[in-house]
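**Q** Provided herewith: my_file-v4.pdb, PDB, C-alpha atoms.
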```pdb
ATOM      1  CA  THR A   4     -53.093  26.002  28.387
ATOM      2  CA  ASP A   5     -53.338  28.420  31.274
ATOM      3  CA  GLN A   6     -56.289  26.385  32.561
ATOM      4  CA  ASN A   7     -54.172  23.261  33.144
ATOM      5  CA  LEU A   8     -51.866  24.709  35.786
ATOM      6  CA  PRO A   9     -52.782  27.547  38.141
ATOM      7  CA  LYS A  10     -50.766  30.739  37.736
ATOM      8  CA  LEU A  11     -49.383  30.416  41.268
ATOM      9  CA  VAL A  12     -47.889  27.031  40.402
ATOM     10  CA  ARG A  13     -46.606  28.101  36.981
ATOM     11  CA  GLU A  14     -44.947  31.284  38.201
ATOM     12  CA  GLY A  15     -44.383  30.849  41.926
ATOM     13  CA  ALA A  16     -43.121  27.313  42.460
ATOM     14  CA  HIS A  17     -39.377  27.184  43.099
ATOM     15  CA  THR A  18     -39.120  23.411  42.896
ATOM     16  CA  ARG A  19     -40.815  21.867  39.911
ATOM     17  CA  ALA A  20     -40.851  18.195  38.991
ATOM     18  CA  SER A  21     -42.590  16.428  36.173
ATOM     19  CA  LEU A  22     -43.406  12.847  35.277
ATOM     20  CA  ALA A  23     -43.835  11.883  31.623
ATOM     21  CA  LEU A  24     -45.767  14.499  29.646
ATOM     22  CA  GLY A  25     -47.225  14.422  26.162
ATOM     23  CA  THR A  26     -45.968  17.650  24.602
ATOM     24  CA  GLU A  27     -43.261  20.271  24.898
ATOM     25  CA  SER A  28     -45.858  22.940  25.713
ATOM     26  CA  GLN A  29     -46.985  20.850  28.707
ATOM     27  CA  ALA A  30     -43.322  20.557  29.740
ATOM     28  CA  ARG A  31     -42.996  24.349  29.554
ATOM     29  CA  MET A  32     -46.076  24.785  31.753
ATOM     30  CA  ALA A  33     -44.788  22.280  34.300
ATOM     31  CA  LEU A  34     -41.083  23.176  34.454
ATOM     32  CA  GLY A  35     -40.907  26.645  32.940
ATOM     33  CA  ASP A  36     -39.411  27.997  29.728
ATOM     34  CA  LYS A  37     -35.881  28.324  31.119
ATOM     35  CA  ALA A  38     -35.670  24.646  32.074
ATOM     36  CA  VAL A  39     -37.082  23.403  28.757
ATOM     37  CA  ASP A  40     -34.865  25.778  26.751
ATOM     38  CA  GLY A  41     -31.951  24.417  28.806
ATOM     39  CA  GLY A  42     -32.704  20.833  27.822
ATOM     40  CA  ALA A  43     -35.309  19.553  30.281
ATOM     41  CA  ALA A  44     -37.571  17.172  28.383
ATOM     42  CA  PRO A  45     -40.191  15.349  30.445
ATOM     43  CA  ASN A  46     -42.119  14.983  27.186
ATOM     44  CA  LEU A  47     -39.406  12.540  26.018
ATOM     45  CA  LEU A  48     -39.929  10.226  28.993
ATOM     46  CA  ARG A  49     -41.701   7.056  27.922
ATOM     47  CA  PRO A  50     -45.009   6.461  29.726
ATOM     48  CA  GLY A  51     -45.008   2.969  31.198
ATOM     49  CA  LEU A  52     -41.280   2.423  30.633
ATOM     50  CA  ASP A  53     -39.829   5.312  32.645
ATOM     51  CA  LYS A  54     -42.011   4.730  35.695
ATOM     52  CA  GLY A  55     -40.866   6.720  38.698
ATOM     53  CA  THR A  56     -38.534   8.939  36.651
ATOM     54  CA  VAL A  57     -39.020  12.673  37.035
ATOM     55  CA  VAL A  58     -37.397  15.744  35.549
ATOM     56  CA  VAL A  59     -36.673  18.356  38.217
ATOM     57  CA  ALA A  60     -36.004  22.077  37.801
ATOM     58  CA  SER A  61     -35.295  23.723  41.123
ATOM     59  CA  ASP A  62     -33.505  26.356  43.112
ATOM     60  CA  GLY A  63     -33.697  24.032  46.114
ATOM     61  CA  ILE A  64     -31.880  21.030  44.617
ATOM     62  CA  LYS A  65     -28.228  21.173  43.629
ATOM     63  CA  ILE A  66     -28.158  20.919  39.850
ATOM     64  CA  PRO A  67     -24.764  20.629  38.113
ATOM     65  CA  ALA A  68     -23.422  23.876  36.682
ATOM     66  CA  GLY A  69     -24.593  24.543  33.146
ATOM     67  CA  GLN A  70     -27.703  22.384  33.440
ATOM     68  CA  ALA A  71     -31.214  23.754  33.816
ATOM     69  CA  ALA A  72     -32.770  20.524  35.077
ATOM     70  CA  LEU A  73     -31.966  17.099  36.436
ATOM     71  CA  THR A  74     -33.486  13.712  35.642
ATOM     72  CA  VAL A  75     -34.113  11.783  38.855
ATOM     73  CA  ARG A  76     -35.029   8.133  39.229
ATOM     74  CA  THR A  77     -37.329   7.457  42.147
ATOM     75  CA  HIS A  78     -38.768   4.209  43.425
ATOM     76  CA  TYR A  79     -41.955   3.487  41.531
ATOM     77  CA  ILE A  80     -44.788   1.877  43.493
ATOM     78  CA  SER A  81     -47.660   0.464  41.474
ATOM     79  CA  THR A  82     -51.275   0.873  42.569
ATOM     80  CA  ASP A  83     -51.429  -2.763  43.731
ATOM     81  CA  ASP A  84     -48.165  -2.420  45.681
ATOM     82  CA  ALA A  85     -49.388   0.842  47.248
ATOM     83  CA  ALA A  86     -52.614  -0.880  48.339
ATOM     84  CA  GLU A  87     -50.597  -3.715  49.903
ATOM     85  CA  ILE A  88     -48.353  -1.240  51.752
ATOM     86  CA  ALA A  89     -51.422   0.640  52.994
ATOM     87  CA  GLU A  90     -52.950  -2.619  54.275
ATOM     88  CA  ARG A  91     -49.734  -3.461  56.150
ATOM     89  CA  ALA A  92     -49.705   0.034  57.683
ATOM     90  CA  LYS A  93     -53.338  -0.358  58.748
ATOM     91  CA  ALA A  94     -52.532  -3.738  60.313
ATOM     92  CA  LEU A  95     -49.685  -2.172  62.290
ATOM     93  CA  ARG A  96     -52.059   0.531  63.558
ATOM     94  CA  ASP A  97     -54.834  -1.945  64.360
ATOM     95  CA  GLY A  98     -55.743  -1.695  68.020
ATOM     96  CA  VAL A  99     -54.183   1.745  68.466
ATOM     97  CA  THR A 100     -56.735   4.176  69.822
ATOM     98  CA  THR A 101     -56.994   7.320  67.774
ATOM     99  CA  LEU A 102     -58.744  10.534  68.663
ATOM    100  CA  HIS A 103     -61.624   9.690  66.324
ATOM    101  CA  ALA A 104     -62.120   6.276  67.950
ATOM    102  CA  VAL A 105     -62.645   7.692  71.453
ATOM    103  CA  ASP A 106     -66.258   7.610  72.660
ATOM    104  CA  ARG A 107     -67.341  11.233  72.508
ATOM    105  CA  GLY A 108     -70.218  10.643  74.917
ATOM    106  CA  GLU A 109     -67.948   9.962  77.889
ATOM    107  CA  GLU A 110     -67.939  12.206  80.962
ATOM    108  CA  ARG A 111     -64.925  14.509  80.779
ATOM    109  CA  ASP A 112     -62.949  16.115  83.584
ATOM    110  CA  PRO A 113     -61.952  19.542  82.234
ATOM    111  CA  LEU A 114     -59.097  20.003  84.708
ATOM    112  CA  MET A 115     -57.571  16.629  83.816
ATOM    113  CA  ASP A 116     -58.048  17.405  80.134
ATOM    114  CA  VAL A 117     -56.286  20.768  80.565
ATOM    115  CA  MET A 118     -53.453  18.944  82.341
ATOM    116  CA  THR A 119     -53.299  16.451  79.475
ATOM    117  CA  VAL A 120     -53.057  19.117  76.783
ATOM    118  CA  LEU A 121     -50.387  21.025  78.715
ATOM    119  CA  GLY A 122     -48.158  18.002  78.158
ATOM    120  CA  ASP A 123     -44.731  18.457  79.692
ATOM    121  CA  ALA A 124     -44.436  22.176  78.890
ATOM    122  CA  SER A 125     -43.983  24.391  81.942
ATOM    123  CA  ARG A 126     -46.572  26.840  80.617
ATOM    124  CA  VAL A 127     -48.752  27.090  77.523
ATOM    125  CA  LEU A 128     -50.596  30.008  75.929
ATOM    126  CA  THR A 129     -54.315  29.917  76.749
ATOM    127  CA  THR A 130     -55.116  30.126  73.021
ATOM    128  CA  ASP A 131     -53.060  26.969  72.416
ATOM    129  CA  VAL A 132     -54.734  25.220  75.367
ATOM    130  CA  LEU A 133     -58.148  25.941  73.815
ATOM    131  CA  LYS A 134     -57.019  24.576  70.425
ATOM    132  CA  ARG A 135     -55.598  21.434  72.022
ATOM    133  CA  LEU A 136     -58.750  20.890  74.072
ATOM    134  CA  ALA A 137     -60.867  21.181  70.916
ATOM    135  CA  ALA A 138     -58.615  18.607  69.223
ATOM    136  CA  LEU A 139     -58.969  16.323  72.254
ATOM    137  CA  SER A 140     -62.779  16.504  72.265
ATOM    138  CA  GLU A 141     -64.503  18.668  69.666
ATOM    139  CA  ASP A 142     -67.935  17.908  71.139
ATOM    140  CA  THR A 143     -66.952  19.027  74.634
ATOM    141  CA  TYR A 144     -64.474  21.829  73.995
ATOM    142  CA  GLY A 145     -65.027  22.884  70.374
ATOM    143  CA  ASP A 146     -66.985  26.023  71.274
ATOM    144  CA  TRP A 147     -65.049  26.939  74.413
ATOM    145  CA  SER A 148     -63.799  30.497  74.827
ATOM    146  CA  HIS A 149     -61.185  32.023  77.112
ATOM    147  CA  LEU A 150     -64.027  32.739  79.551
ATOM    148  CA  ASP A 151     -64.949  29.027  79.785
ATOM    149  CA  LEU A 152     -61.319  28.108  80.416
ATOM    150  CA  LYS A 153     -60.999  30.800  83.093
ATOM    151  CA  ARG A 154     -64.229  29.633  84.762
ATOM    152  CA  VAL A 155     -62.955  26.047  85.057
ATOM    153  CA  LEU A 156     -59.602  27.174  86.462
ATOM    154  CA  ASP A 157     -61.025  29.740  88.932
ATOM    155  CA  GLY A 158     -60.212  28.834  92.519
ATOM    156  CA  THR A 159     -57.604  26.227  91.586
ATOM    157  CA  GLY A 160     -54.545  28.415  91.978
ATOM    158  CA  ALA A 161     -53.842  27.648  88.318
ATOM    159  CA  GLU A 162     -55.789  30.548  86.844
ATOM    160  CA  PRO A 163     -54.421  32.034  83.601
ATOM    161  CA  TYR A 164     -51.855  34.771  84.141
ATOM    162  CA  LYS A 165     -49.770  37.074  81.962
ATOM    163  CA  SER A 166     -46.236  36.134  81.007
ATOM    164  CA  ASP A 167     -44.382  38.367  78.560
ATOM    165  CA  GLY A 168     -47.695  40.123  77.911
ATOM    166  CA  ARG A 169     -49.579  36.945  76.901
ATOM    167  CA  MET A 170     -52.021  34.838  78.898
ATOM    168  CA  VAL A 171     -50.651  31.424  79.877
ATOM    169  CA  ILE A 172     -51.458  28.480  82.123
ATOM    170  CA  ALA A 173     -48.712  27.010  84.307
ATOM    171  CA  ARG A 174     -48.476  23.222  84.427
ATOM    172  CA  GLU A 175     -46.965  23.123  87.931
ATOM    173  CA  ARG A 176     -49.819  25.168  89.444
ATOM    174  CA  LEU A 177     -52.479  22.901  87.946
ATOM    175  CA  PHE A 178     -50.511  19.811  88.949
ATOM    176  CA  ARG A 179     -50.450  20.997  92.591
ATOM    177  CA  HIS A 180     -54.210  21.551  92.559
ATOM    178  CA  LEU A 181     -54.934  18.129  91.038
ATOM    179  CA  ALA A 182     -52.584  16.398  93.477
ATOM    180  CA  ASN A 183     -54.371  17.994  96.437
ATOM    181  CA  ARG A 184     -58.002  17.550  95.380
ATOM    182  CA  PRO A 185     -60.042  14.698  96.846
ATOM    183  CA  ASP A 186     -60.278  11.535  94.731
ATOM    184  CA  ASP A 187     -64.047  11.814  94.349
ATOM    185  CA  GLY A 188     -64.009  15.529  93.523
ATOM    186  CA  SER A 189     -63.606  16.617  89.942
ATOM    187  CA  ALA A 190     -64.356  19.769  88.065
ATOM    188  CA  SER A 191     -66.995  17.863  86.115
ATOM    189  CA  ALA A 192     -68.808  16.796  89.274
ATOM    190  CA  ALA A 193     -68.604  20.306  90.719
ATOM    191  CA  GLU A 194     -70.436  21.848  87.751
TER
END
```
Take the structure in the file and write it out as structure tokens.
**A**
Amino acid sequence: TDQNLPKLVREGAHTRASLALGTESQARMALGDKAVDGGAAPNLLRPGLDKGTVVVASDGIKIPAGQAALTVRTHYISTDDAAEIAERAKALRDGVTTLHAVDRGEERDPLMDVMTVLGDASRVLTTDVLKRLAALSEDTYGDWSHLDLKRVLDGTGAEPYKSDGRMVIARERLFRHLANRPDDGSASAAE
């Protein structure tokens, strides 16, 4: 029925793939009338026996001339195998610090954090700097505005400036300021 698949998927998807289905009408909803009329039959796949086999109807995949769909065998991974693979992936990541594992109560140095989010780009849009800062520490920078960023950079020589009509921050300017500031002085301590 129309309730099973959203209209956007039924009518707007250019690549459609289907595992085993129960009826031809379900196949028509999943792959479209043209593919089913052309011979696509995911409803003939055998549940349990044709694991990992899909029927694909697509403009994005090269389908032989005269065919409306293609049957593709993929590598089937059972639920137990998927759980084992996930456990191995978790073990490989064990000990790797992620953004969510960082103590959010730590004292932050906004200038060093700005330098961090600039990465190795020569200059970055101030809007992108704000987004990256929020990703680095939502608690500290999540509600920052352009005004907060400007306030922290005032007097550093690395203030935001216009380039091609858009406000940016230059990495080299901030690097010079950080290299020349005293070891015990930080923007956090100055606030």
**Q** Have a look at atom CA of Asp146 of chain A and atom CA of Ala161 of chain A and let me know their distance in Å, one decimal.
**A**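 Computing the Euclidean distance for atom CA of Asp146 of chain A and atom CA of Ala161 of chain A yields 21.6 Å.
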**Q** For Leu139 of chain A, work out the shell of residues within 9 Å, counting only C-alpha atoms and skipping chain neighbours fewer than 5 positions away, then give it as a PyMOL selection string.
**A** chain A and resi 102+116+120+134+144
**Q** Kindly compute an axis-aligned box around the listed atoms of segment 130-141 of chain A, allowing 3 Å on each side, and express its centre and edge lengths in Å to one decimal as AutoDock Vina command-line options.
**A**
```
--center_x -58.8 --center_y 23.2 --center_z 72.3 --size_x 17.4 --size_y 19.8 --size_z 12.1
```
**Q** What does the structure give for the distance between atom CA of Trp147 of chain A and atom CA of Pro185 of chain A, in Å to one decimal?
**A**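 Interatomic distance here is 26.0 Å.
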**Q** Quick one: pull the distance between atom CA of Thr74 of chain A and atom CA of Leu34 of chain A, Å, one decimal.
**A** 12.2 Å
**Q** Using only C-alpha atoms, find the one residue out of A:Leu133, A:Val127, A:Gln70, A:Leu22 that sits nearest to Leu52 of chain A.
**A** A:Leu22
**Q** Have a look at A:Gly145, A:Gly35, A:Gly42, A:Gly160 and name the one nearest to Thr18 of chain A; count only C-alpha atoms.
**A** A:Gly35
**Q** Please expand the PyMOL selection byres ((chain A and resi 55) around 10) into the concrete residues it hits in this file, giving the result as a PyMOL selection string.
**A** chain A and resi 22-23+50-54+56-57+75-81
**Q** Generate the coordinates of N, CA and C atoms for segment 109-128 of chain A; report them as an mmCIF file, in the coordinates of the input.
**A**
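The file below, selection36.cif, is the result:
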```cif
data_model
loop_
_atom_site.group_PDB
_atom_site.id
_atom_site.type_symbol
_atom_site.label_atom_id
_atom_site.label_comp_id
_atom_site.auth_asym_id
_atom_site.auth_seq_id
_atom_site.Cartn_x
_atom_site.Cartn_y
_atom_site.Cartn_z
ATOM 1 N N GLU A 109 -68.455 10.196 76.546
ATOM 2 C CA GLU A 109 -67.948 9.962 77.889
ATOM 3 C C GLU A 109 -67.931 11.249 78.722
ATOM 4 N N GLU A 110 -68.005 11.080 80.026
ATOM 5 C CA GLU A 110 -67.939 12.206 80.962
ATOM 6 C C GLU A 110 -66.491 12.688 81.014
ATOM 7 N N ARG A 111 -66.279 13.964 80.825
ATOM 8 C CA ARG A 111 -64.925 14.509 80.779
ATOM 9 C C ARG A 111 -64.652 15.319 82.040
ATOM 10 N N ASP A 112 -63.410 15.306 82.468
ATOM 11 C CA ASP A 112 -62.949 16.115 83.584
ATOM 12 C C ASP A 112 -62.116 17.248 82.981
ATOM 13 N N PRO A 113 -62.670 18.451 82.900
ATOM 14 C CA PRO A 113 -61.952 19.542 82.234
ATOM 15 C C PRO A 113 -60.566 19.819 82.808
ATOM 16 N N LEU A 114 -60.416 19.737 84.129
ATOM 17 C CA LEU A 114 -59.097 20.003 84.708
ATOM 18 C C LEU A 114 -58.078 18.952 84.279
ATOM 19 N N MET A 115 -58.486 17.688 84.262
ATOM 20 C CA MET A 115 -57.571 16.629 83.816
ATOM 21 C C MET A 115 -57.273 16.785 82.325
ATOM 22 N N ASP A 116 -58.277 17.197 81.561
ATOM 23 C CA ASP A 116 -58.048 17.405 80.134
ATOM 24 C C ASP A 116 -57.095 18.574 79.898
ATOM 25 N N VAL A 117 -57.226 19.649 80.682
ATOM 26 C CA VAL A 117 -56.286 20.768 80.565
ATOM 27 C C VAL A 117 -54.883 20.279 80.900
ATOM 28 N N MET A 118 -54.759 19.489 81.961
ATOM 29 C CA MET A 118 -53.453 18.944 82.341
ATOM 30 C C MET A 118 -52.884 18.097 81.204
ATOM 31 N N THR A 119 -53.737 17.304 80.583
ATOM 32 C CA THR A 119 -53.299 16.451 79.475
ATOM 33 C C THR A 119 -52.757 17.284 78.322
ATOM 34 N N VAL A 120 -53.488 18.331 77.939
ATOM 35 C CA VAL A 120 -53.057 19.117 76.783
ATOM 36 C C VAL A 120 -51.863 20.020 77.091
ATOM 37 N N LEU A 121 -51.590 20.269 78.369
ATOM 38 C CA LEU A 121 -50.387 21.025 78.715
ATOM 39 C C LEU A 121 -49.139 20.201 78.423
ATOM 40 N N GLY A 122 -49.298 18.873 78.436
ATOM 41 C CA GLY A 122 -48.158 18.002 78.158
ATOM 42 C C GLY A 122 -47.078 18.199 79.193
ATOM 43 N N ASP A 123 -45.821 18.267 78.744
ATOM 44 C CA ASP A 123 -44.731 18.457 79.692
ATOM 45 C C ASP A 123 -44.159 19.877 79.631
ATOM 46 N N ALA A 124 -44.866 20.778 78.946
ATOM 47 C CA ALA A 124 -44.436 22.176 78.890
ATOM 48 C C ALA A 124 -44.695 22.839 80.238
ATOM 49 N N SER A 125 -43.805 23.729 80.649
ATOM 50 C CA SER A 125 -43.983 24.391 81.942
ATOM 51 C C SER A 125 -45.164 25.357 81.913
ATOM 52 N N ARG A 126 -45.403 25.976 80.770
ATOM 53 C CA ARG A 126 -46.572 26.840 80.617
ATOM 54 C C ARG A 126 -46.937 26.893 79.138
ATOM 55 N N VAL A 127 -48.234 27.095 78.892
ATOM 56 C CA VAL A 127 -48.752 27.090 77.523
ATOM 57 C C VAL A 127 -49.711 28.263 77.369
ATOM 58 N N LEU A 128 -49.676 28.904 76.210
ATOM 59 C CA LEU A 128 -50.596 30.008 75.929
ATOM 60 C C LEU A 128 -52.038 29.514 76.019
#
```
